[in-house]
Amino acid sequence: MQDEEIHLPPPTLWPLGFAIGIAVILVGLIIDPLWISSIGGAITLVFGFLWIRDASAELRGHRIVVEPERRQVVEAGAGQVGPSAQAGGDAMPHPAPGERFPRSKFLEASTLGLGGVIGGLITVPVAGFAVLPSFLGQKRHRVDMGPVADYKEGQWYVATFNTDPKEGDVARRTAFVRNNGSLAVSGRQEPSFTIISNRCAHLGCPVQANGPSGAILGLKSQTEKGANGPVTLNPTVPAGFGCPCHGGQYDTEGNRTAGPPVRALDRYDYEIDNGRLVLLSTYSVSHVDGQGAQAKIHKYKSVGPGEHVDGPEQWFYPINPPHH
Amino acid sequence: MARQLSRAQVRKQRMQDAVNFPLDWLEERSGLVGGVRYFLFRKVPGDTNWMQTLGSATLTAFLVQAITGVILAMYYKPTPNDAYASIQNITDHVTMGWLVRGMHKWGASVFIILMFLHMGRVFLFGAYKYPRELNWVIGVLLLTMGMMEGFTGYLLPWDQTAYWASVVGINLNGTAPFLGPWLAQFLRSGQEISGDTLTRFYSLHMLLVPGGIMALIGLHLYLVIRLGVTSPPWSKEAAGSELVEEPAAATAARPGLTRPVARGTAAGGSE
Ligand code: HEM
Ligand code: FES
């Protein structure tokens, strides 16, 4: 491996026969595997052997004779055919004195420039495809929760429903729902609900009701047939809500009472459509004064768990991603 | 060399030639043989320490992850309805699936632990100092990407632990000031965790991040070879890939480069 001289592979013609042999085998496979392929195999073997013999000549100590070049070598610059590879000068003339933008510079710049443009043309759509779908066209949800009359006044229910049946079980969500009875809104009586999301305002774990199930009051679980599939309602008697992950605690209005959460629990907007309760999007809440139908909710645009919505910490999150 | 070679010697010579012939063929056309030799048979300081094998151990752990991961990907299905079931299938039914999954799962921790041990060795030996600072920086990037592998891989079994750990992990990213909410929404592929979150994590876990790690390992090793490994701090020997006779003035200017001066001696005599 050390010698610096250039080896030429020993010349041989036999690969030609070898290739023909392979072709005959393949043709034979279609026409007549037994005979034609056998003939092809024989040709391949014979020429393969000859080829190996030629190729290993150097190893076996034979001298390799390469026919010397007999054509005339043209001197560089002599005009006619062009210089041989060994002779010859620079591929490009040196820039003339005073020439500031020679051809080589132009080619260099245009190669890089064109490469950059092509790279950009490919990168922009690909990066957009990777990033934008997370932010654009976020779906709004409308979840039919069954008739208002099925929600006993003053009773808490753990409601489990699907926000997007096409997604499957991964779109299943849970909320705590309480019918507060009716409330006078500009002269009319409107049903009032407290609907608290179970997504912890610390880092998003599923908050649980602190208290026994409604069975102690003789209440049974019920299932509503909603447009988004079944909605299960499990009655519960909570003294508050608690998070299993890091011990965050909330009262029954969702106000944080202890632990790491940074604000109150999120709530669902809702509307009453033909006597049925319909859940809409969530919104975030800093805190709630008062209770039930009379509660004064300090409401903010929906943000992620762990984000402060009030106080100086909110300045850490000046622009939030677009939201439904 | 006038002595005649015995027949056995001639035969041995022939055998060697036959082995070398294809190697010579390859070397002449690619330089690869010399390259591999340059890569593997480097000179290292005579008193290198067992701790200096931790980098190679980390590399081995990474290769185990890469290979077992490729095989797991042949059976794993990254959709919300199939992911958990396909993991169960790998564990309980696919021949030796339990073994390959176990290697990948436990090997992930081994990889991270080895990275930390290797980093500790580099720190305690002072091997991050001039001229190897850049390799430390590359190492930190490798550590970060190794952790990203852990984070994205953890979701894939799609069981309760996986799901809620990822919810918390993503929201943790979301609390970073300014860009946090954007990062979280990008990772989640929207406002809510969905099937897209799973496929996104899968793609990051098996394509993007490992690709980045491989590229960085290439750079890391390039620098290790270019700069040579350091001797242990208690070494009395000169370190470096080659022992060059330098004029005293050059050594005085940069005592740390290839020939660190033994402790207790002044760098260049008179300063
Ligand atoms: C994928 C993970 C990593 C792999 C495969 C890897 C591999 C290696 C190998 C094979 C060496 C040769 C010397 C030795 O084995 O100790 C080395 C050296 C080095 N590594 Fe790493 N490494 C990784 C992560 C890290 C990390 C996390 C750091 C620090 C933040 C780091 C910093 C360094 C430095 C500074 C050297 C030069 C040490 C010297 O020259 O003595 N590496 N690495
Ligand atoms: S996620 Fe609820 S307390 Fe941390």
# chains A, B, ... in the order shown; residues from 1 in each chain; ligands from 1

call {"tool": "interface_residues", "arguments": {"of": "chain B", "to": "chain A", "cutoff": "7 Å", "atoms": "only C-alpha atoms", "output": "PyMOL selection string"}}
result
chain B and resi 24+80+164+167-168+171-172+174-175+177-178+181-182+185-186+189-190+194

call {"tool": "residues_near_ligand", "arguments": {"ligand": "ligand 1", "cutoff": "6 Å", "atoms": "only C-alpha atoms and all ligand atoms", "output": "PDB file with all heavy atoms, in the first residue's frame"}}
result
ATOM      1  N   GLN B  52     -11.270   6.921  29.898  1.00  0.00           N
ATOM      2  CA  GLN B  52     -11.311   7.492  28.556  1.00  0.00           C
ATOM      3  C   GLN B  52     -11.974   6.572  27.546  1.00  0.00           C
ATOM      4  O   GLN B  52     -12.065   6.899  26.370  1.00  0.00           O
ATOM      5  CB  GLN B  52      -9.894   7.879  28.123  1.00  0.00           C
ATOM      6  CG  GLN B  52      -9.520   9.216  28.739  1.00  0.00           C
ATOM      7  CD  GLN B  52      -8.026   9.474  28.764  1.00  0.00           C
ATOM      8  OE1 GLN B  52      -7.274   8.684  29.285  1.00  0.00           O
ATOM      9  NE2 GLN B  52      -7.609  10.581  28.184  1.00  0.00           N
ATOM     10  N   THR B  53     -12.455   5.417  28.003  1.00  0.00           N
ATOM     11  CA  THR B  53     -13.241   4.566  27.103  1.00  0.00           C
ATOM     12  C   THR B  53     -14.724   4.894  27.214  1.00  0.00           C
ATOM     13  O   THR B  53     -15.541   4.307  26.506  1.00  0.00           O
ATOM     14  CB  THR B  53     -13.054   3.085  27.452  1.00  0.00           C
ATOM     15  OG1 THR B  53     -13.454   2.886  28.805  1.00  0.00           O
ATOM     16  CG2 THR B  53     -11.605   2.676  27.296  1.00  0.00           C
ATOM     17  N   LEU B  54     -15.080   5.826  28.095  1.00  0.00           N
ATOM     18  CA  LEU B  54     -16.510   6.091  28.287  1.00  0.00           C
ATOM     19  C   LEU B  54     -17.158   6.683  27.043  1.00  0.00           C
ATOM     20  O   LEU B  54     -18.329   6.435  26.767  1.00  0.00           O
ATOM     21  CB  LEU B  54     -16.704   7.036  29.484  1.00  0.00           C
ATOM     22  CG  LEU B  54     -16.594   6.342  30.847  1.00  0.00           C
ATOM     23  CD1 LEU B  54     -16.502   7.355  31.966  1.00  0.00           C
ATOM     24  CD2 LEU B  54     -17.771   5.416  31.057  1.00  0.00           C
ATOM     25  N   GLY B  55     -16.390   7.474  26.282  1.00  0.00           N
ATOM     26  CA  GLY B  55     -16.941   8.029  25.041  1.00  0.00           C
ATOM     27  C   GLY B  55     -17.296   6.915  24.069  1.00  0.00           C
ATOM     28  O   GLY B  55     -18.391   6.899  23.487  1.00  0.00           O
ATOM     29  N   SER B  56     -16.393   5.943  23.907  1.00  0.00           N
ATOM     30  CA  SER B  56     -16.681   4.832  23.006  1.00  0.00           C
ATOM     31  C   SER B  56     -17.845   4.010  23.542  1.00  0.00           C
ATOM     32  O   SER B  56     -18.657   3.493  22.767  1.00  0.00           O
ATOM     33  CB  SER B  56     -15.459   3.938  22.851  1.00  0.00           C
ATOM     34  OG  SER B  56     -14.325   4.720  22.637  1.00  0.00           O
ATOM     35  N   THR B  58     -20.365   5.218  25.180  1.00  0.00           N
ATOM     36  CA  THR B  58     -21.565   5.979  24.812  1.00  0.00           C
ATOM     37  C   THR B  58     -21.908   5.747  23.356  1.00  0.00           C
ATOM     38  O   THR B  58     -23.077   5.557  22.995  1.00  0.00           O
ATOM     39  CB  THR B  58     -21.325   7.486  25.041  1.00  0.00           C
ATOM     40  OG1 THR B  58     -20.684   7.668  26.293  1.00  0.00           O
ATOM     41  CG2 THR B  58     -22.617   8.247  25.002  1.00  0.00           C
ATOM     42  N   LEU B  59     -20.887   5.741  22.512  1.00  0.00           N
ATOM     43  CA  LEU B  59     -21.115   5.514  21.087  1.00  0.00           C
ATOM     44  C   LEU B  59     -21.756   4.147  20.877  1.00  0.00           C
ATOM     45  O   LEU B  59     -22.724   4.006  20.116  1.00  0.00           O
ATOM     46  CB  LEU B  59     -19.788   5.607  20.337  1.00  0.00           C
ATOM     47  CG  LEU B  59     -19.848   5.397  18.840  1.00  0.00           C
ATOM     48  CD1 LEU B  59     -20.718   6.455  18.205  1.00  0.00           C
ATOM     49  CD2 LEU B  59     -18.455   5.433  18.236  1.00  0.00           C
ATOM     50  N   MET B 115     -23.597   9.056  28.835  1.00  0.00           N
ATOM     51  CA  MET B 115     -23.260  10.411  28.389  1.00  0.00           C
ATOM     52  C   MET B 115     -22.823  11.264  29.576  1.00  0.00           C
ATOM     53  O   MET B 115     -21.841  11.990  29.504  1.00  0.00           O
ATOM     54  CB  MET B 115     -24.467  11.061  27.701  1.00  0.00           C
ATOM     55  CG  MET B 115     -24.411  10.926  26.199  1.00  0.00           C
ATOM     56  SD  MET B 115     -25.473  12.116  25.373  1.00  0.00           S
ATOM     57  CE  MET B 115     -27.050  11.566  25.873  1.00  0.00           C
ATOM     58  N   MET B 119     -19.220  12.828  30.262  1.00  0.00           N
ATOM     59  CA  MET B 119     -19.095  14.267  30.478  1.00  0.00           C
ATOM     60  C   MET B 119     -18.359  14.531  31.785  1.00  0.00           C
ATOM     61  O   MET B 119     -17.493  15.410  31.865  1.00  0.00           O
ATOM     62  CB  MET B 119     -20.481  14.904  30.501  1.00  0.00           C
ATOM     63  CG  MET B 119     -20.460  16.405  30.586  1.00  0.00           C
ATOM     64  SD  MET B 119     -22.070  17.103  30.227  1.00  0.00           S
ATOM     65  CE  MET B 119     -22.794  17.102  31.814  1.00  0.00           C
ATOM     66  N   VAL B 122     -14.681  14.006  31.245  1.00  0.00           N
ATOM     67  CA  VAL B 122     -14.093  15.122  30.516  1.00  0.00           C
ATOM     68  C   VAL B 122     -13.901  16.317  31.454  1.00  0.00           C
ATOM     69  O   VAL B 122     -12.881  16.989  31.438  1.00  0.00           O
ATOM     70  CB  VAL B 122     -14.981  15.497  29.309  1.00  0.00           C
ATOM     71  CG1 VAL B 122     -14.547  16.821  28.711  1.00  0.00           C
ATOM     72  CG2 VAL B 122     -14.938  14.399  28.264  1.00  0.00           C
ATOM     73  N   ALA B 127     -10.445  17.998  30.359  1.00  0.00           N
ATOM     74  CA  ALA B 127     -10.207  17.757  28.935  1.00  0.00           C
ATOM     75  C   ALA B 127     -11.009  18.707  28.053  1.00  0.00           C
ATOM     76  O   ALA B 127     -10.912  18.649  26.833  1.00  0.00           O
ATOM     77  CB  ALA B 127     -10.549  16.311  28.586  1.00  0.00           C
ATOM     78  N   TYR B 128     -11.810  19.575  28.689  1.00  0.00           N
ATOM     79  CA  TYR B 128     -12.616  20.517  27.900  1.00  0.00           C
ATOM     80  C   TYR B 128     -11.834  21.792  27.597  1.00  0.00           C
ATOM     81  O   TYR B 128     -12.312  22.672  26.914  1.00  0.00           O
ATOM     82  CB  TYR B 128     -13.881  20.900  28.700  1.00  0.00           C
ATOM     83  CG  TYR B 128     -13.542  21.401  30.069  1.00  0.00           C
ATOM     84  CD1 TYR B 128     -13.221  22.737  30.257  1.00  0.00           C
ATOM     85  CD2 TYR B 128     -13.482  20.521  31.150  1.00  0.00           C
ATOM     86  CE1 TYR B 128     -12.845  23.193  31.500  1.00  0.00           C
ATOM     87  CE2 TYR B 128     -13.104  20.977  32.402  1.00  0.00           C
ATOM     88  CZ  TYR B 128     -12.782  22.313  32.570  1.00  0.00           C
ATOM     89  OH  TYR B 128     -12.399  22.762  33.791  1.00  0.00           O
ATOM     90  N   ARG B 132      -9.966  22.229  23.155  1.00  0.00           N
ATOM     91  CA  ARG B 132     -11.081  21.300  22.977  1.00  0.00           C
ATOM     92  C   ARG B 132     -12.423  21.888  23.402  1.00  0.00           C
ATOM     93  O   ARG B 132     -13.392  21.157  23.570  1.00  0.00           O
ATOM     94  CB  ARG B 132     -10.805  20.017  23.748  1.00  0.00           C
ATOM     95  CG  ARG B 132      -9.547  19.312  23.260  1.00  0.00           C
ATOM     96  CD  ARG B 132      -9.320  17.975  23.904  1.00  0.00           C
ATOM     97  NE  ARG B 132      -8.131  17.344  23.332  1.00  0.00           N
ATOM     98  CZ  ARG B 132      -6.892  17.615  23.708  1.00  0.00           C
ATOM     99  NH1 ARG B 132      -6.677  18.495  24.658  1.00  0.00           N
ATOM    100  NH2 ARG B 132      -5.864  17.012  23.126  1.00  0.00           N
ATOM    101  N   ASN B 135     -15.373  20.973  21.259  1.00  0.00           N
ATOM    102  CA  ASN B 135     -15.889  19.619  21.409  1.00  0.00           C
ATOM    103  C   ASN B 135     -16.785  19.512  22.630  1.00  0.00           C
ATOM    104  O   ASN B 135     -17.718  18.717  22.660  1.00  0.00           O
ATOM    105  CB  ASN B 135     -14.741  18.613  21.500  1.00  0.00           C
ATOM    106  CG  ASN B 135     -15.034  17.396  20.648  1.00  0.00           C
ATOM    107  OD1 ASN B 135     -15.947  17.435  19.832  1.00  0.00           O
ATOM    108  ND2 ASN B 135     -14.275  16.343  20.831  1.00  0.00           N
ATOM    109  N   TRP B 136     -16.530  20.317  23.632  1.00  0.00           N
ATOM    110  CA  TRP B 136     -17.437  20.365  24.783  1.00  0.00           C
ATOM    111  C   TRP B 136     -18.790  20.915  24.348  1.00  0.00           C
ATOM    112  O   TRP B 136     -19.836  20.390  24.704  1.00  0.00           O
ATOM    113  CB  TRP B 136     -16.837  21.226  25.895  1.00  0.00           C
ATOM    114  CG  TRP B 136     -17.746  21.373  27.080  1.00  0.00           C
ATOM    115  CD1 TRP B 136     -18.690  22.333  27.262  1.00  0.00           C
ATOM    116  CD2 TRP B 136     -17.815  20.520  28.216  1.00  0.00           C
ATOM    117  NE1 TRP B 136     -19.343  22.143  28.449  1.00  0.00           N
ATOM    118  CE2 TRP B 136     -18.823  21.027  29.065  1.00  0.00           C
ATOM    119  CE3 TRP B 136     -17.126  19.372  28.609  1.00  0.00           C
ATOM    120  CZ2 TRP B 136     -19.156  20.432  30.271  1.00  0.00           C
ATOM    121  CZ3 TRP B 136     -17.462  18.788  29.827  1.00  0.00           C
ATOM    122  CH2 TRP B 136     -18.463  19.316  30.631  1.00  0.00           C
ATOM    123  N   GLY B 139     -20.581  18.435  22.551  1.00  0.00           N
ATOM    124  CA  GLY B 139     -21.047  17.459  23.523  1.00  0.00           C
ATOM    125  C   GLY B 139     -22.328  17.903  24.206  1.00  0.00           C
ATOM    126  O   GLY B 139     -23.250  17.108  24.398  1.00  0.00           O
ATOM    127  N   VAL B 140     -22.416  19.178  24.542  1.00  0.00           N
ATOM    128  CA  VAL B 140     -23.630  19.680  25.196  1.00  0.00           C
ATOM    129  C   VAL B 140     -24.823  19.540  24.246  1.00  0.00           C
ATOM    130  O   VAL B 140     -25.915  19.131  24.647  1.00  0.00           O
ATOM    131  CB  VAL B 140     -23.440  21.147  25.636  1.00  0.00           C
ATOM    132  CG1 VAL B 140     -24.758  21.739  26.077  1.00  0.00           C
ATOM    133  CG2 VAL B 140     -22.426  21.222  26.758  1.00  0.00           C
ATOM    134  N   LEU B 142     -25.088  17.301  21.942  1.00  0.00           N
ATOM    135  CA  LEU B 142     -25.407  15.870  21.910  1.00  0.00           C
ATOM    136  C   LEU B 142     -26.240  15.485  23.129  1.00  0.00           C
ATOM    137  O   LEU B 142     -27.210  14.725  23.023  1.00  0.00           O
ATOM    138  CB  LEU B 142     -24.116  15.052  21.890  1.00  0.00           C
ATOM    139  CG  LEU B 142     -23.467  14.888  20.520  1.00  0.00           C
ATOM    140  CD1 LEU B 142     -22.076  14.301  20.658  1.00  0.00           C
ATOM    141  CD2 LEU B 142     -24.319  13.987  19.649  1.00  0.00           C
ATOM    142  N   LEU B 143     -25.878  16.020  24.280  1.00  0.00           N
ATOM    143  CA  LEU B 143     -26.624  15.729  25.508  1.00  0.00           C
ATOM    144  C   LEU B 143     -28.073  16.189  25.363  1.00  0.00           C
ATOM    145  O   LEU B 143     -29.015  15.456  25.656  1.00  0.00           O
ATOM    146  CB  LEU B 143     -25.947  16.443  26.680  1.00  0.00           C
ATOM    147  CG  LEU B 143     -26.468  16.120  28.070  1.00  0.00           C
ATOM    148  CD1 LEU B 143     -26.181  14.669  28.410  1.00  0.00           C
ATOM    149  CD2 LEU B 143     -25.834  17.027  29.114  1.00  0.00           C
ATOM    150  N   ILE B 217     -22.114  13.452  16.185  1.00  0.00           N
ATOM    151  CA  ILE B 217     -21.106  12.463  16.582  1.00  0.00           C
ATOM    152  C   ILE B 217     -19.955  12.497  15.570  1.00  0.00           C
ATOM    153  O   ILE B 217     -18.777  12.436  15.937  1.00  0.00           O
ATOM    154  CB  ILE B 217     -21.720  11.051  16.672  1.00  0.00           C
ATOM    155  CG1 ILE B 217     -22.599  10.936  17.905  1.00  0.00           C
ATOM    156  CG2 ILE B 217     -20.614  10.001  16.743  1.00  0.00           C
ATOM    157  CD1 ILE B 217     -23.256   9.576  18.081  1.00  0.00           C
ATOM    158  N   VAL B 224     -12.000  14.857  17.997  1.00  0.00           N
ATOM    159  CA  VAL B 224     -11.192  13.990  18.866  1.00  0.00           C
ATOM    160  C   VAL B 224      -9.941  13.542  18.108  1.00  0.00           C
ATOM    161  O   VAL B 224      -8.830  13.551  18.628  1.00  0.00           O
ATOM    162  CB  VAL B 224     -12.016  12.767  19.319  1.00  0.00           C
ATOM    163  CG1 VAL B 224     -11.104  11.712  19.933  1.00  0.00           C
ATOM    164  CG2 VAL B 224     -13.064  13.189  20.328  1.00  0.00           C
ATOM    165  N   GLY B 228      -6.491  14.875  19.175  1.00  0.00           N
ATOM    166  CA  GLY B 228      -5.927  13.857  20.049  1.00  0.00           C
ATOM    167  C   GLY B 228      -6.592  13.892  21.410  1.00  0.00           C
ATOM    168  O   GLY B 228      -7.226  14.883  21.770  1.00  0.00           O
ATOM    169  N   VAL B 229      -6.468  12.804  22.165  1.00  0.00           N
ATOM    170  CA  VAL B 229      -7.064  12.818  23.506  1.00  0.00           C
ATOM    171  C   VAL B 229      -6.037  13.340  24.500  1.00  0.00           C
ATOM    172  O   VAL B 229      -4.830  13.222  24.304  1.00  0.00           O
ATOM    173  CB  VAL B 229      -7.554  11.419  23.946  1.00  0.00           C
ATOM    174  CG1 VAL B 229      -8.740  11.005  23.126  1.00  0.00           C
ATOM    175  CG2 VAL B 229      -6.443  10.413  23.863  1.00  0.00           C
ATOM    176  N   THR B 230      -6.575  13.892  25.588  1.00  0.00           N
ATOM    177  CA  THR B 230      -5.683  14.442  26.614  1.00  0.00           C
ATOM    178  C   THR B 230      -5.185  13.331  27.522  1.00  0.00           C
ATOM    179  O   THR B 230      -5.846  12.316  27.709  1.00  0.00           O
ATOM    180  CB  THR B 230      -6.434  15.453  27.484  1.00  0.00           C
ATOM    181  OG1 THR B 230      -7.698  14.888  27.813  1.00  0.00           O
ATOM    182  CG2 THR B 230      -6.634  16.741  26.757  1.00  0.00           C
TER     183      THR B 230
END

call {"tool": "residues_around", "arguments": {"residues": "A:Glu253", "least_positions_apart": "6", "cutoff": "9 Å", "atoms": "only C-alpha atoms", "output": "JSON, numbers by chain"}}
result
{"A": [194, 196, 240, 264, 265, 287, 288, 289, 290, 291, 292, 295]}

call {"tool": "write_last_selection", "arguments": {"atoms": "C-alpha atoms", "output": "PDB file, in the first residue's frame"}}
result
ATOM      1  CA  THR A 194     -70.847  26.223  36.008  1.00  0.00           C
ATOM      2  CA  ILE A 196     -65.103  23.671  34.817  1.00  0.00           C
ATOM      3  CA  GLY A 240     -63.203  20.911  45.830  1.00  0.00           C
ATOM      4  CA  ALA A 264     -57.982  29.096  38.581  1.00  0.00           C
ATOM      5  CA  LEU A 265     -59.247  26.193  36.466  1.00  0.00           C
ATOM      6  CA  HIS A 287     -59.984  33.866  39.835  1.00  0.00           C
ATOM      7  CA  VAL A 288     -63.686  33.800  40.616  1.00  0.00           C
ATOM      8  CA  ASP A 289     -65.502  35.942  43.166  1.00  0.00           C
ATOM      9  CA  GLY A 290     -68.804  34.684  44.530  1.00  0.00           C
ATOM     10  CA  GLN A 291     -70.495  31.429  43.683  1.00  0.00           C
ATOM     11  CA  GLY A 292     -72.780  29.595  41.272  1.00  0.00           C
ATOM     12  CA  ALA A 295     -70.172  34.182  40.440  1.00  0.00           C
TER      13      ALA A 295
END

call {"tool": "residues_around", "arguments": {"residues": "B:Pro157", "least_positions_apart": "3", "cutoff": "8 Å", "atoms": "only C-alpha atoms", "output": "VMD selection string"}}
result
chain B and resid 83 to 84 87 154 162

call {"tool": "write_last_selection", "arguments": {"atoms": "N, CA, C and O atoms", "output": "JSON list (two decimals), in the first residue's frame"}}
result
[["chain", "number", "residue", "atom", "x", "y", "z"],
["B", 83, "ALA", "N", -51.21, 2.15, 18.50],
["B", 83, "ALA", "CA", -49.87, 2.22, 19.11],
["B", 83, "ALA", "C", -49.75, 1.28, 20.30],
["B", 83, "ALA", "O", -48.85, 0.43, 20.34],
["B", 84, "TYR", "N", -50.68, 1.39, 21.23],
["B", 84, "TYR", "CA", -50.57, 0.59, 22.45],
["B", 84, "TYR", "C", -50.64, -0.89, 22.12],
["B", 84, "TYR", "O", -49.82, -1.69, 22.59],
["B", 87, "ILE", "N", -47.46, -2.23, 20.62],
["B", 87, "ILE", "CA", -46.40, -2.43, 21.62],
["B", 87, "ILE", "C", -46.65, -3.73, 22.39],
["B", 87, "ILE", "O", -45.74, -4.51, 22.64],
["B", 154, "TYR", "N", -40.70, 8.52, 24.92],
["B", 154, "TYR", "CA", -41.52, 8.14, 26.06],
["B", 154, "TYR", "C", -43.01, 8.11, 25.73],
["B", 154, "TYR", "O", -43.77, 7.36, 26.29],
["B", 162, "ALA", "N", -47.34, 7.30, 29.52],
["B", 162, "ALA", "CA", -46.78, 7.98, 28.36],
["B", 162, "ALA", "C", -47.58, 9.25, 28.07],
["B", 162, "ALA", "O", -47.02, 10.34, 27.91]]

call {"tool": "residues_around", "arguments": {"residues": "A:Asn228", "least_positions_apart": "6", "cutoff": "9 Å", "atoms": "only C-alpha atoms", "output": "list in words"}}
result
Arg142, Val143, Asp144, Met145, Phe161, Asn162, Thr163, Asp164 and Pro165 of chain A

call {"tool": "write_last_selection", "arguments": {"atoms": "all heavy atoms", "output": "mmCIF file, in the first residue's frame"}}
result
data_model
loop_
_atom_site.group_PDB
_atom_site.id
_atom_site.type_symbol
_atom_site.label_atom_id
_atom_site.label_comp_id
_atom_site.auth_asym_id
_atom_site.auth_seq_id
_atom_site.Cartn_x
_atom_site.Cartn_y
_atom_site.Cartn_z
ATOM 1 N N ARG A 142 -68.164 22.006 19.286
ATOM 2 C CA ARG A 142 -69.545 22.177 19.739
ATOM 3 C C ARG A 142 -69.965 20.818 20.225
ATOM 4 O O ARG A 142 -70.102 19.895 19.423
ATOM 5 C CB ARG A 142 -70.425 22.545 18.540
ATOM 6 C CG ARG A 142 -70.904 23.965 18.475
ATOM 7 C CD ARG A 142 -71.882 24.084 17.330
ATOM 8 N NE ARG A 142 -73.248 23.877 17.809
ATOM 9 C CZ ARG A 142 -73.951 24.825 18.414
ATOM 10 N NH1 ARG A 142 -73.452 26.020 18.563
ATOM 11 N NH2 ARG A 142 -75.166 24.578 18.849
ATOM 12 N N VAL A 143 -70.122 20.669 21.528
ATOM 13 C CA VAL A 143 -70.453 19.345 22.043
ATOM 14 C C VAL A 143 -71.858 19.367 22.647
ATOM 15 O O VAL A 143 -72.130 20.095 23.599
ATOM 16 C CB VAL A 143 -69.435 18.900 23.109
ATOM 17 C CG1 VAL A 143 -69.707 17.460 23.499
ATOM 18 C CG2 VAL A 143 -68.016 19.072 22.595
ATOM 19 N N ASP A 144 -72.723 18.573 22.055
ATOM 20 C CA ASP A 144 -74.103 18.432 22.531
ATOM 21 C C ASP A 144 -74.101 17.573 23.794
ATOM 22 O O ASP A 144 -73.667 16.430 23.782
ATOM 23 C CB ASP A 144 -74.918 17.766 21.411
ATOM 24 C CG ASP A 144 -76.336 17.482 21.841
ATOM 25 O OD1 ASP A 144 -76.718 17.927 22.937
ATOM 26 O OD2 ASP A 144 -77.045 16.807 21.070
ATOM 27 N N MET A 145 -74.572 18.158 24.909
ATOM 28 C CA MET A 145 -74.477 17.462 26.201
ATOM 29 C C MET A 145 -75.829 16.938 26.691
ATOM 30 O O MET A 145 -75.949 16.548 27.854
ATOM 31 C CB MET A 145 -73.918 18.423 27.261
ATOM 32 C CG MET A 145 -72.565 18.995 26.932
ATOM 33 S SD MET A 145 -71.243 17.810 27.157
ATOM 34 C CE MET A 145 -71.103 17.831 28.929
ATOM 35 N N PHE A 161 -66.982 13.431 27.554
ATOM 36 C CA PHE A 161 -67.570 13.607 26.222
ATOM 37 C C PHE A 161 -66.449 13.633 25.194
ATOM 38 O O PHE A 161 -65.265 13.688 25.540
ATOM 39 C CB PHE A 161 -68.371 14.923 26.168
ATOM 40 C CG PHE A 161 -67.593 16.084 26.725
ATOM 41 C CD1 PHE A 161 -66.791 16.857 25.897
ATOM 42 C CD2 PHE A 161 -67.648 16.401 28.087
ATOM 43 C CE1 PHE A 161 -66.061 17.919 26.414
ATOM 44 C CE2 PHE A 161 -66.916 17.458 28.603
ATOM 45 C CZ PHE A 161 -66.125 18.213 27.764
ATOM 46 N N ASN A 162 -66.834 13.581 23.927
ATOM 47 C CA ASN A 162 -65.832 13.587 22.864
ATOM 48 C C ASN A 162 -65.961 14.867 22.053
ATOM 49 O O ASN A 162 -67.017 15.169 21.511
ATOM 50 C CB ASN A 162 -66.015 12.361 21.962
ATOM 51 C CG ASN A 162 -64.793 12.129 21.106
ATOM 52 O OD1 ASN A 162 -64.238 13.062 20.547
ATOM 53 N ND2 ASN A 162 -64.371 10.883 21.013
ATOM 54 N N THR A 163 -64.862 15.647 21.960
ATOM 55 C CA THR A 163 -64.944 16.923 21.257
ATOM 56 C C THR A 163 -64.862 16.736 19.755
ATOM 57 O O THR A 163 -65.238 17.624 18.998
ATOM 58 C CB THR A 163 -63.795 17.860 21.675
ATOM 59 O OG1 THR A 163 -62.562 17.162 21.506
ATOM 60 C CG2 THR A 163 -63.948 18.277 23.122
ATOM 61 N N ASP A 164 -64.335 15.595 19.305
ATOM 62 C CA ASP A 164 -64.145 15.396 17.868
ATOM 63 C C ASP A 164 -64.116 13.897 17.575
ATOM 64 O O ASP A 164 -63.058 13.283 17.530
ATOM 65 C CB ASP A 164 -62.809 16.045 17.455
ATOM 66 C CG ASP A 164 -62.639 16.058 15.947
ATOM 67 O OD1 ASP A 164 -63.518 15.507 15.254
ATOM 68 O OD2 ASP A 164 -61.630 16.605 15.480
ATOM 69 N N PRO A 165 -65.310 13.308 17.374
ATOM 70 C CA PRO A 165 -65.384 11.852 17.238
ATOM 71 C C PRO A 165 -64.475 11.310 16.127
ATOM 72 O O PRO A 165 -64.003 10.184 16.218
ATOM 73 C CB PRO A 165 -66.856 11.604 16.905
ATOM 74 C CG PRO A 165 -67.567 12.806 17.398
ATOM 75 C CD PRO A 165 -66.613 13.949 17.285
#

call {"tool": "select_by_dssp", "arguments": {"residues": "stretch 89-234 of chain B", "states": "alpha helix (DSSP H)", "output": "ChimeraX atom specification"}}
result
/B:89-92,97-124,133-155,160-174,180-188,195-203,209-227

call {"tool": "closest_residue", "arguments": {"among": "A:Thr174, A:Thr232, A:Thr257, A:Gln155", "to": "A:Gly214", "atoms": "only C-alpha atoms"}}
result
A:Gln155

call {"tool": "closest_residue", "arguments": {"among": "B:Ser203, B:Gln191, B:Asp82, B:Gly169", "to": "ligand 2", "atoms": "only C-alpha atoms and all ligand atoms"}}
result
B:Gly169

call {"tool": "residues_around", "arguments": {"residues": "B:Arg200", "least_positions_apart": "6", "cutoff": "9 Å", "atoms": "only C-alpha atoms", "output": "ChimeraX atom specification"}}
result
/B:152,187-189

call {"tool": "select_by_dssp", "arguments": {"residues": "stretch 33-270 of chain A", "states": "strand (DSSP E)", "output": "number ranges by chain"}}
result
A: 143-147, 156-162, 172-185, 188-197, 208-210, 222-226, 229-236, 240-242, 249-250, 256-258, 267-270
